[in-house]
$ cat start-v4.tsv   # TSV, C-alpha atoms and all ligand atoms
chain	number	residue	atom	x	y	z
A	12	MET	CA	8.97	45.37	47.66
A	13	GLU	CA	12.00	43.25	48.37
A	14	GLU	CA	9.79	40.34	49.32
A	15	MET	CA	8.09	40.36	45.94
A	16	GLU	CA	11.37	40.33	44.09
A	17	ASP	CA	12.47	37.35	46.09
A	18	GLU	CA	9.28	35.52	45.25
A	19	GLU	CA	9.70	36.25	41.59
A	20	LYS	CA	13.28	35.05	41.68
A	21	GLN	CA	12.25	31.85	43.37
A	22	ALA	CA	9.50	31.23	40.85
A	23	SER	CA	11.82	31.69	37.90
A	24	GLN	CA	14.38	29.41	39.49
A	25	GLU	CA	11.76	26.75	39.99
A	26	LYS	CA	10.73	27.07	36.39
A	27	LYS	CA	14.32	26.64	35.27
A	28	HIS	CA	14.65	23.64	37.51
A	29	THR	CA	11.53	21.87	36.18
A	30	SER	CA	12.52	22.45	32.56
A	31	TRP	CA	15.94	21.03	33.35
A	32	VAL	CA	14.38	17.95	34.99
A	33	LYS	CA	12.10	17.52	31.99
A	34	LYS	CA	15.07	17.62	29.65
A	35	VAL	CA	16.96	14.99	31.63
A	36	MET	CA	13.89	12.78	31.71
A	37	ALA	CA	13.47	13.11	27.96
A	38	TYR	CA	17.10	12.06	27.44
A	39	VAL	CA	16.61	9.11	29.79
A	40	ALA	CA	13.49	8.06	27.87
A	41	ILE	CA	15.32	8.26	24.53
A	42	GLY	CA	18.25	6.37	26.02
A	43	GLU	CA	15.97	3.64	27.29
A	44	ALA	CA	14.25	3.36	23.92
A	45	VAL	CA	17.62	3.00	22.21
A	46	VAL	CA	18.74	0.35	24.69
A	47	ILE	CA	15.49	-1.60	24.23
A	48	PHE	CA	15.69	-1.29	20.45
A	49	VAL	CA	19.28	-2.52	20.35
A	50	GLY	CA	18.51	-5.20	22.94
A	51	ILE	CA	15.60	-6.75	21.05
A	52	GLN	CA	17.82	-7.20	18.00
A	53	PHE	CA	19.50	-10.00	19.91
A	54	ILE	CA	16.26	-11.92	20.48
A	55	PRO	CA	16.65	-14.68	17.92
A	56	TRP	CA	12.95	-15.47	17.48
A	57	GLY	CA	12.00	-14.81	13.88
A	58	ARG	CA	15.29	-15.69	12.28
A	59	ALA	CA	15.25	-19.45	12.60
A	60	THR	CA	12.79	-20.15	9.80
A	61	ILE	CA	14.03	-17.57	7.32
A	62	ASN	CA	15.71	-20.06	5.03
A	63	LEU	CA	15.21	-23.82	4.93
A	64	PRO	CA	16.26	-26.48	2.43
A	65	VAL	CA	14.19	-27.00	-0.73
A	66	LYS	CA	12.74	-30.53	-0.72
A	67	ALA	CA	10.48	-30.67	-3.76
A	68	GLU	CA	8.92	-28.14	-6.11
A	69	PRO	CA	5.73	-28.37	-8.14
A	70	LYS	CA	5.91	-28.82	-11.88
A	71	TRP	CA	5.57	-25.20	-13.00
A	72	ASP	CA	3.80	-24.67	-16.32
A	73	SER	CA	6.55	-22.18	-17.30
A	74	PRO	CA	9.67	-20.51	-15.85
A	75	LYS	CA	7.75	-17.22	-15.99
A	76	THR	CA	5.12	-18.46	-13.54
A	77	ARG	CA	7.82	-19.62	-11.16
A	78	GLU	CA	9.62	-16.29	-11.44
A	79	LEU	CA	6.45	-14.32	-10.72
A	80	PHE	CA	5.64	-16.62	-7.83
A	81	PHE	CA	9.00	-16.04	-6.21
A	82	ARG	CA	8.69	-12.33	-6.80
A	83	ALA	CA	5.26	-11.92	-5.25
A	84	CYS	CA	4.68	-14.95	-3.02
A	85	GLY	CA	7.92	-16.81	-2.38
A	86	ASP	CA	8.91	-15.03	0.83
A	87	CYS	CA	5.91	-16.54	2.63
A	88	HIS	CA	5.09	-19.62	0.54
A	89	SER	CA	8.48	-21.24	0.00
A	90	ASN	CA	11.58	-22.11	1.99
A	91	GLN	CA	13.61	-19.67	-0.12
A	92	THR	CA	12.69	-16.52	1.74
A	93	ALA	CA	14.75	-13.53	0.61
A	94	LEU	CA	13.90	-10.56	2.77
A	95	PRO	CA	15.23	-7.02	2.38
A	96	TRP	CA	17.30	-5.66	5.29
A	97	TYR	CA	14.44	-3.75	6.88
A	98	ASP	CA	12.51	-6.97	7.42
A	99	LEU	CA	15.34	-8.25	9.60
A	100	ILE	CA	14.97	-5.48	12.15
A	101	ALA	CA	13.00	-6.38	15.27
A	102	PRO	CA	10.09	-6.02	15.84
A	103	ILE	CA	9.27	-6.03	12.09
A	104	THR	CA	11.01	-9.37	11.70
A	105	TRP	CA	8.74	-10.92	14.33
A	106	ILE	CA	5.63	-9.76	12.49
A	107	ILE	CA	6.74	-11.01	9.09
A	108	ASN	CA	8.01	-14.24	10.60
A	109	ARG	CA	4.52	-14.97	11.86
A	110	ASP	CA	3.18	-14.46	8.32
A	111	ILE	CA	5.89	-16.70	6.91
A	112	GLU	CA	5.09	-19.49	9.34
A	113	LYS	CA	1.36	-19.29	8.63
A	114	GLY	CA	1.92	-18.85	4.91
A	115	ARG	CA	4.13	-21.92	4.67
A	116	VAL	CA	1.47	-23.99	6.40
A	117	ALA	CA	-1.15	-22.90	3.83
A	118	LEU	CA	1.12	-23.41	0.81
A	119	ASN	CA	4.82	-24.18	0.52
A	120	VAL	CA	6.25	-24.70	-2.96
A	121	SER	CA	9.53	-26.00	-1.51
A	122	GLU	CA	7.83	-28.95	0.20
A	123	TRP	CA	5.58	-29.87	-2.65
A	124	GLY	CA	3.58	-33.05	-2.15
A	125	LEU	CA	4.77	-33.43	1.44
A	126	GLN	CA	1.89	-31.63	3.11
A	127	GLU	CA	-1.68	-30.61	2.36
A	128	ASN	CA	-1.86	-27.25	0.63
A	129	GLU	CA	-4.29	-24.66	-0.64
A	130	ALA	CA	-2.60	-24.13	-4.00
A	131	GLY	CA	-5.95	-24.60	-5.75
A	132	GLU	CA	-6.97	-21.21	-4.42
A	133	ALA	CA	-3.80	-19.41	-5.49
A	134	ALA	CA	-5.19	-18.07	-8.78
A	135	GLU	CA	-8.28	-16.73	-7.03
A	136	THR	CA	-6.25	-14.96	-4.32
A	137	VAL	CA	-4.28	-13.11	-7.00
A	138	ARG	CA	-7.39	-12.34	-9.02
A	139	ASN	CA	-9.24	-10.88	-6.04
A	140	GLY	CA	-6.14	-9.09	-4.74
A	141	SER	CA	-6.04	-10.77	-1.31
A	142	MET	CA	-2.53	-12.08	-2.03
A	143	PRO	CA	0.10	-10.80	-1.64
A	144	PRO	CA	-1.17	-9.13	1.57
A	145	THR	CA	-1.58	-5.35	1.22
A	146	LEU	CA	0.98	-4.35	3.82
A	147	TYR	CA	3.55	-6.68	2.28
A	148	ALA	CA	2.88	-5.34	-1.24
A	149	LEU	CA	3.25	-1.77	0.00
A	150	SER	CA	6.56	-2.44	1.70
A	151	HIS	CA	7.96	-4.74	-1.04
A	152	PRO	CA	7.72	-2.93	-4.39
A	153	SER	CA	9.05	-5.89	-6.40
A	154	ALA	CA	6.06	-7.96	-5.27
A	155	ARG	CA	3.66	-5.60	-7.01
A	156	LEU	CA	2.71	-6.96	-10.40
A	157	SER	CA	1.72	-4.97	-13.45
A	158	ALA	CA	-1.71	-5.65	-14.91
A	159	SER	CA	-0.29	-7.77	-17.71
A	160	ASP	CA	2.02	-9.72	-15.36
A	161	LYS	CA	-0.94	-10.31	-13.09
A	162	GLU	CA	-3.03	-11.71	-15.92
A	163	ALA	CA	-0.23	-14.00	-17.08
A	164	PHE	CA	0.39	-15.07	-13.48
A	165	VAL	CA	-3.26	-16.01	-12.86
A	166	GLN	CA	-3.22	-18.15	-16.01
A	167	GLY	CA	0.08	-19.71	-14.98
A	168	LEU	CA	-1.25	-20.52	-11.52
A	169	VAL	CA	-4.34	-22.18	-12.96
A	170	ALA	CA	-2.16	-24.16	-15.39
A	171	THR	CA	0.21	-25.23	-12.60
A	172	PHE	CA	-2.13	-25.81	-9.65
A	173	GLY	CA	-5.58	-26.09	-11.18
A	174	GLU	CA	-8.39	-24.19	-9.55
A	175	HIS	CA	-10.92	-25.04	-6.88
A	176	LYS	CA	-14.28	-23.52	-7.50
A	177	GLY	CA	-17.32	-23.63	-5.24
A	178	GLU	CA	-16.61	-26.21	-2.53
A	179	GLN	CA	-13.56	-25.28	-0.54
A	180	THR	CA	-11.27	-28.14	0.27
A	181	SER	CA	-9.64	-26.35	3.17
A	182	LYS	CA	-10.92	-27.09	6.66
A	183	LYS	CA	-11.25	-23.50	7.67
A	184	LYS	CA	-12.76	-20.54	5.87
A	185	PRO	CA	-10.82	-17.28	5.86
A	186	ASP	CA	-13.47	-15.47	7.92
A	187	ASP	CA	-13.63	-18.01	10.76
A	188	SER	CA	-12.02	-15.56	13.13
A	189	LEU	CA	-14.90	-13.11	12.75
A	190	HIS	CA	-17.34	-15.47	14.47
A	191	PHE	CA	-17.44	-15.64	18.22
A	192	PHE	CA	-19.45	-18.82	18.02
A	193	PRO	CA	-19.06	-21.48	15.37
A	194	VAL	CA	-21.65	-21.11	12.60
A	195	ARG	CA	-23.61	-24.31	12.08
A	196	LYS	CA	-23.92	-25.63	8.55
A	197	ASP	CA	-27.73	-25.39	8.47
A	198	ASP	CA	-27.62	-21.82	9.84
A	199	GLN	CA	-25.30	-20.86	7.03
A	200	ASN	CA	-27.59	-22.32	4.41
A	201	ALA	CA	-30.81	-21.05	6.01
A	202	GLY	CA	-30.89	-17.75	4.15
A	203	LYS	CA	-30.10	-19.19	0.74
B	301	LIG	C1	3.66	-11.61	3.69
B	301	LIG	C2	3.51	-13.01	3.48
B	301	LIG	C3	2.68	-13.53	2.32
B	301	LIG	C4	2.86	-13.29	0.97
B	301	LIG	C5	3.93	-12.45	0.32
B	301	LIG	C6	1.86	-14.06	0.29
B	301	LIG	N1	1.09	-14.73	1.18
B	301	LIG	FE1	-0.36	-16.08	0.78
B	301	LIG	N2	-0.73	-16.35	2.74
B	301	LIG	C7	-0.03	-15.74	3.77
B	301	LIG	C8	-0.61	-16.14	5.04
B	301	LIG	C9	-0.13	-15.68	6.42
B	301	LIG	C10	-1.67	-17.02	4.74
B	301	LIG	C11	-2.58	-17.73	5.71
B	301	LIG	C12	-3.80	-16.89	5.96
B	301	LIG	C13	-4.62	-17.49	7.06
B	301	LIG	O1	-4.26	-18.52	7.63
B	301	LIG	O2	-5.65	-16.88	7.35
B	301	LIG	C14	-1.71	-17.13	3.30
B	301	LIG	C15	-2.61	-17.93	2.62
B	301	LIG	C16	-2.58	-18.16	1.27
B	301	LIG	C17	-3.44	-19.10	0.57
B	301	LIG	C18	-4.48	-20.00	1.20
B	301	LIG	C19	-5.86	-19.47	1.01
B	301	LIG	C20	-6.11	-18.24	1.82
B	301	LIG	O3	-6.51	-17.22	1.21
B	301	LIG	O4	-5.92	-18.26	3.05
B	301	LIG	C21	-3.11	-19.02	-0.75
B	301	LIG	C22	-3.72	-19.81	-1.91
B	301	LIG	C23	-2.07	-18.01	-0.88
B	301	LIG	N3	-1.78	-17.50	0.36
B	301	LIG	C24	-1.50	-17.64	-2.08
B	301	LIG	C25	-0.57	-16.61	-2.21
B	301	LIG	C26	-0.07	-16.14	-3.49
B	301	LIG	C27	-0.47	-16.71	-4.83
B	301	LIG	C28	0.81	-15.14	-3.20
B	301	LIG	C29	1.56	-14.29	-4.19
B	301	LIG	C30	0.78	-13.56	-5.15
B	301	LIG	C31	0.88	-14.99	-1.76
B	301	LIG	N4	0.02	-15.88	-1.20
B	301	LIG	C32	1.71	-14.09	-1.09
B	301	LIG	C33	1.06	-14.90	3.64
B	301	LIG	C34	1.57	-14.43	2.44
$ encode --input "start-v4.tsv" --output "structure tokens" --more "lines below"
Ligand code: HEC
Amino acid sequence: MEEMEDEEKQASQEKKHTSWVKKVMAYVAIGEAVVIFVGIQFIPWGRATINLPVKAEPKWDSPKTRELFFRACGDCHSNQTALPWYDLIAPITWIINRDIEKGRVALNVSEWGLQENEAGEAAETVRNGSMPPTLYALSHPSARLSASDKEAFVQGLVATFGEHKGEQTSKKKPDDSLHFFPVRKDDQNAGK
């Protein structure tokens, strides 16, 4: 009889002990996460390119087109990036910085005429909804354009940049990354 009571006591003590250890470990894990989160804020990668000087701008067809461009596209396609506070928190800032770097290579309205660009496709990207990127549009409400703004914007982009149709002038096609092996020209045309 006494023996059993002892066993029970021991078991309940062990239980208490493990739940206590679990609690401490949870606090340690939270503490570590906080330290890592605070620590990564000091990694400067992703801040360097946020704002650069404006060298030359295209001749916009109207101030309205320029305004809409800076509202919906300027963060990634100009040197005048104006990000909300939450974009400056690591690791979000690293992700958006990558988009900004790639976006500026494709089209940068602050270095107009100084590099090759894909501005001729701008109207089409707005028309088909591929730009601004979905995740960016969701997290940046001011970049979302109303239907009438969108229509005016497409017209303004065509008037400012013209429009490439058919033959793409860019070296790469957007879906290049989906192919494990390069698609040969004659393979591409075979089915047509
Ligand atoms: C969050 C950043 C971001 C925003 C905002 C953004 N773009 Fe882009 N854009 C990119 C990136 C990144 C690429 C390069 C895609 C690639 O290399 O595959 C790109 C590529 C392009 C291209 C080249 C053709 C293509 O589809 O790859 C055009 C044209 C373009 N964007 C126009 C626009 C226009 C117009 C807007 C505003 C309506 C806009 N972008 C908003 C990031 C952005």
$ residues_near_ligand --input "start-v4.tsv" --ligand "ligand LIG 301 (chain B)" --cutoff "9 Å" --atoms "all atoms listed in the file" --output "count of residues only"
56
$ atom_distance --input "start-v4.tsv" --atom1 "atom CA of A:Thr171" --atom2 "atom CA of A:Leu63"
23.1 Å
$ atom_distance --input "start-v4.tsv" --atom1 "atom CA of A:Ser30" --atom2 "atom CA of A:Glu18"
18.5 Å
$ residues_around --input "start-v4.tsv" --residues "A:Trp105" --least-positions-apart "4" --cutoff "9 Å" --atoms "all atoms listed in the file" --output "short mmCIF file (atom, residue, chain, number, x, y, z; two decimals) with C-alpha atoms, keeping the file's coordinate frame"
data_model
loop_
_atom_site.label_atom_id
_atom_site.label_comp_id
_atom_site.auth_asym_id
_atom_site.auth_seq_id
_atom_site.Cartn_x
_atom_site.Cartn_y
_atom_site.Cartn_z
CA TRP A 56 12.95 -15.47 17.48
CA GLY A 57 12.00 -14.81 13.88
CA ARG A 58 15.29 -15.69 12.28
CA ASP A 98 12.51 -6.97 7.42
CA LEU A 99 15.34 -8.25 9.60
CA ILE A 100 14.97 -5.48 12.15
CA ALA A 101 13.00 -6.38 15.27
CA ARG A 109 4.52 -14.97 11.86
CA ASP A 110 3.18 -14.46 8.32
#
$ atom_distance --input "start-v4.tsv" --atom1 "atom CA of A:Asn139" --atom2 "atom CA of A:Trp96"
29.3 Å
$ closest_residue --input "start-v4.tsv" --among "A:Ser121, A:Asn90, A:Gln24, A:Ser157" --to "A:Glu68" --atoms "only C-alpha atoms"
A:Ser121
$ closest_residue --input "start-v4.tsv" --among "A:Asp72, A:Pro102, A:Asp17, A:Ser89" --to "A:Ile47" --atoms "only C-alpha atoms"
A:Pro102
$ closest_residue --input "start-v4.tsv" --among "A:Ile106, A:Lys70, A:Ile51, A:Leu149" --to "A:Ala170" --atoms "all atoms listed in the file"
A:Lys70
$ closest_residue --input "start-v4.tsv" --among "A:Ala93, A:Ala44, A:Val49, A:Ala37" --to "A:Ile61" --atoms "all atoms listed in the file"
A:Ala93
$ axis_aligned_box --input "start-v4.tsv" --around "stretch 140-145 of chain A" --padding-each-side "4 Å" --output "JSON"
{"center_x": -3.0, "center_y": -8.7, "center_z": -1.6, "size_x": 14.2, "size_y": 14.7, "size_z": 14.3}
$ closest_residue --input "start-v4.tsv" --among "A:Gln21, A:Gln52, A:Phe172, A:Val32" --to "A:Gly124" --atoms "all atoms listed in the file"
A:Phe172
$ closest_residue --input "start-v4.tsv" --among "A:Thr92, A:Thr76, A:Thr29, A:Asn119" --to "A:Glu162" --atoms "all atoms listed in the file"
A:Thr76
